[in-house]
Amino acid sequence: MDLRNKTICASGFHAPERGRIDVLDDALIEIGGDGAIAAIHRHGEPNYRTIRDAREASGELLTLPAGAYLLPGFVDLHVHAPQYPQLGSALDVPLEVWLHKYTFPLEARYEDLGFARQSYQPLVEDLLSNGTTTALYFATVHQEASRALVDICLEKGQRALVGKVVMDNEAECPDYYRDASPDAAVKGTREFIDYVRGHPGNGEGHVLPVVTPRFIPSCTDATLAELGAIVRECGCHVQTHCSESDWAHQYVLSRHGMTDAQSLDRFGLLGRRTVLAHSNFLTEADMETIRTRESAVAHCPISNVYFAGAVFPLRAALEKGIHVGLGTDVSGGPSVSMFENCRGAMLASRLLESGVDPGLPPEERGTFGTARIDFRDAFYVATAGGGIALDLPVGQFSPGYQFDAFVVDTTAEKGTIRLWEELDRGEDILQKIIYTASRANIGAVWVSGRSVA
Ligand code: GUN
Ligand code: FE
């Protein structure tokens with residue numbers, strides 16, 4: 001049921017700040033006509049009963065059943081929409097081979113608008129039904145297909161940030177898949193921004209345009225500089241890949257004589273609304289630049305196992321105050337599930353801390369001292385951290401934030417959560433949800449109070 005101008009009575013969890021889980025116990029969340037949370041009333045407040053009875057009497061109350069928990073919708077900070085057809089395959093070669101052998105040929109097919117619609121529709125549906133209410137998408141170089149992704153997100157009600165991908169460097173991009181010229185890349189970006197902002201179905205701004213240089217190797221310097229100028233003019237979001245693998249990192253060092261972060265900064269591409277995917281090989285100076293620019297990192301733990309050859313030091317980045325969210329990197333990461341990526345982030349951080357070489361003594365095996373993150377940090381980066389990274393009021397249950405949320409049914413028979421009444425209380429329930437939930441445990445999903453799955 002749609003929840004605009006209604007109230008939901010729910011137990012659930014959110015992580016408004018890193019390290020603290022706020023447990024909601026039959027809380028009343030009032031949603032306004034604009035889809036934002038107008039007020040939250042907790043059990044024990046003096047007028048709690050009165051409000052609850054009044055909403056119930058007027059038919060404006062939805063009460064979640066026992067065993068159902070409300071979570072903020074996931075924010076997936078890094079999705080390659082056109083790569084969905086190869087999800088779960090093509091993970092046998094390094095990044096630079098994978099791009100030319102599998103990924104560019106697949107993305108080139110989006111020249112065909114019919115193919116684009118056929119693959120984008122189930123992707124958006126599957127993300128929503130897995131609880132992802134906000135996604136930051138790379139589309140392809142194609143204007144029409146990128147627009148189709150915008151249309152589909154608007155039709156299905158997903159909050160989305162979409163970029164027409166820029167790839168104009170002849171030396172690194174194949175003839176069959178690149179922008180026709182640097183001018184065409186820049187003009188195409190401008191036209192795409194205008195399309196999204198002027199879309200008649202986008203009055204509430206649920207879809208935002210993103211300036212999207214794929215990564216430095218795929219772009220010419222002239223175009224990177226032009227994209228920086230567009231960002232200054234339009235104030236839009238920026239997304240790109242940053243220092244992902246040894247190869248990608250070294251490529252930029254040898255072409256520009258500096259790191260990705262330094263080079264992007266020089267082009268005016270590091271700002272409050274910039275999201276840098278991966279960022280595994282950041283130097284201390286890069287981290288400081290990203291922090292002072294208030295840019296964000298999209299940590300993609302599962303993808304990094306296949307392509308990065310390194311683990312992003314998530315805990316260190318969070319402790320430095322860098323904005324970090326979580327990304328699936330479909331299809332570099334073979335899962336659309338943000339639960340799976342939370343687990344991936346926890347696993348990777350434990351391996352970073354312990355090290356992996358049994359030939360070394362334990363005290364020499366790990367790299368970073370305390371590097372582990374727990375379910376609280378994983379949940380934070382998957383929700384509130386992503387909202388902060390995007391500078392959008394999503395990812396937490398607080399007045400003024402959009403009601404983007406989903407229900408986890410811990411009693412679903414075909415699900416994978418098994419709670420024990422006498423053992424599991426409070427945060428422990430969230431811990432079990434993060435570690436064991438699957439698609440069958442996910443119930444209703446809302447974006448700005450509208451039912452979307
Ligand atoms: N670097 C440039 N393009 C890509 C891509 O599509 N996926 C990943 N993981 N890294 C990239
Ligand atoms: Fe990627």
# chains A, B, ... in the order shown; residues from 1 in each chain; ligands from 1

$ select_by_dssp --residues "segment 158-318 of chain A" --states "strand (DSSP E or B)" --output "list in words"
Arg159, Ala160, Leu161, Val162, Gly163, Val165, Val166, Val207, Leu208, Pro209, Val210, Val211, Thr212, Pro213, His237, Val238, Gln239, Thr240, His241, Cys242, Thr274, Val275, Leu276, Ala277, His278, Ala296, Val297, Ala298 and His299 of chain A

$ residues_around --residues "Val297 of chain A" --least-positions-apart "3" --cutoff "12 Å" --atoms "only C-alpha atoms" --output "ChimeraX atom specification"
/A:76-78,238-244,261,270-282,286-287,290-291,293-294,300-301,312-314,317-318,321-327,381,385-386,388-390

$ residues_around --residues "segment 29-40 of chain A" --least-positions-apart "5" --cutoff "6 Å" --atoms "only C-alpha atoms" --output "number ranges by chain"
A: 4-8, 399-403, 448-449

$ atom_distance --atom1 "atom CA of Gly415 of chain A" --atom2 "atom CA of Tyr306 of chain A"
28.2 Å

$ residues_around --residues "His80 of chain A" --least-positions-apart "6" --cutoff "6 Å" --atoms "only C-alpha atoms" --output "list in words"
Tyr137, Phe138 and Val330 of chain A

$ residues_near_ligand --ligand "ligand 1" --cutoff "7 Å" --atoms "only C-alpha atoms and all ligand atoms" --output "list in words"
His80, Leu95, Leu99, Thr103, Arg214, Phe215, His241, Glu244, Ser303, Phe307, Asp329 and Gly332 of chain A

$ residues_around --residues "segment 65-67 of chain A" --least-positions-apart "3" --cutoff "7 Å" --atoms "only C-alpha atoms" --output "JSON list (two decimals) with C-alpha atoms, in the first residue's frame"
[["chain", "number", "residue", "atom", "x", "y", "z"],
["A", 409, "ASP", "CA", 10.03, -10.82, 6.94],
["A", 410, "THR", "CA", 12.06, -12.98, 9.30],
["A", 411, "THR", "CA", 9.28, -15.59, 9.33]]

$ closest_residue --among "A:His43, A:Arg159, A:His100, A:His249" --to "Ala135 of chain A" --atoms "only C-alpha atoms"
A:Arg159

$ residues_around --residues "Val23 of chain A" --least-positions-apart "4" --cutoff "10 Å" --atoms "only C-alpha atoms" --output "count of residues only"
9
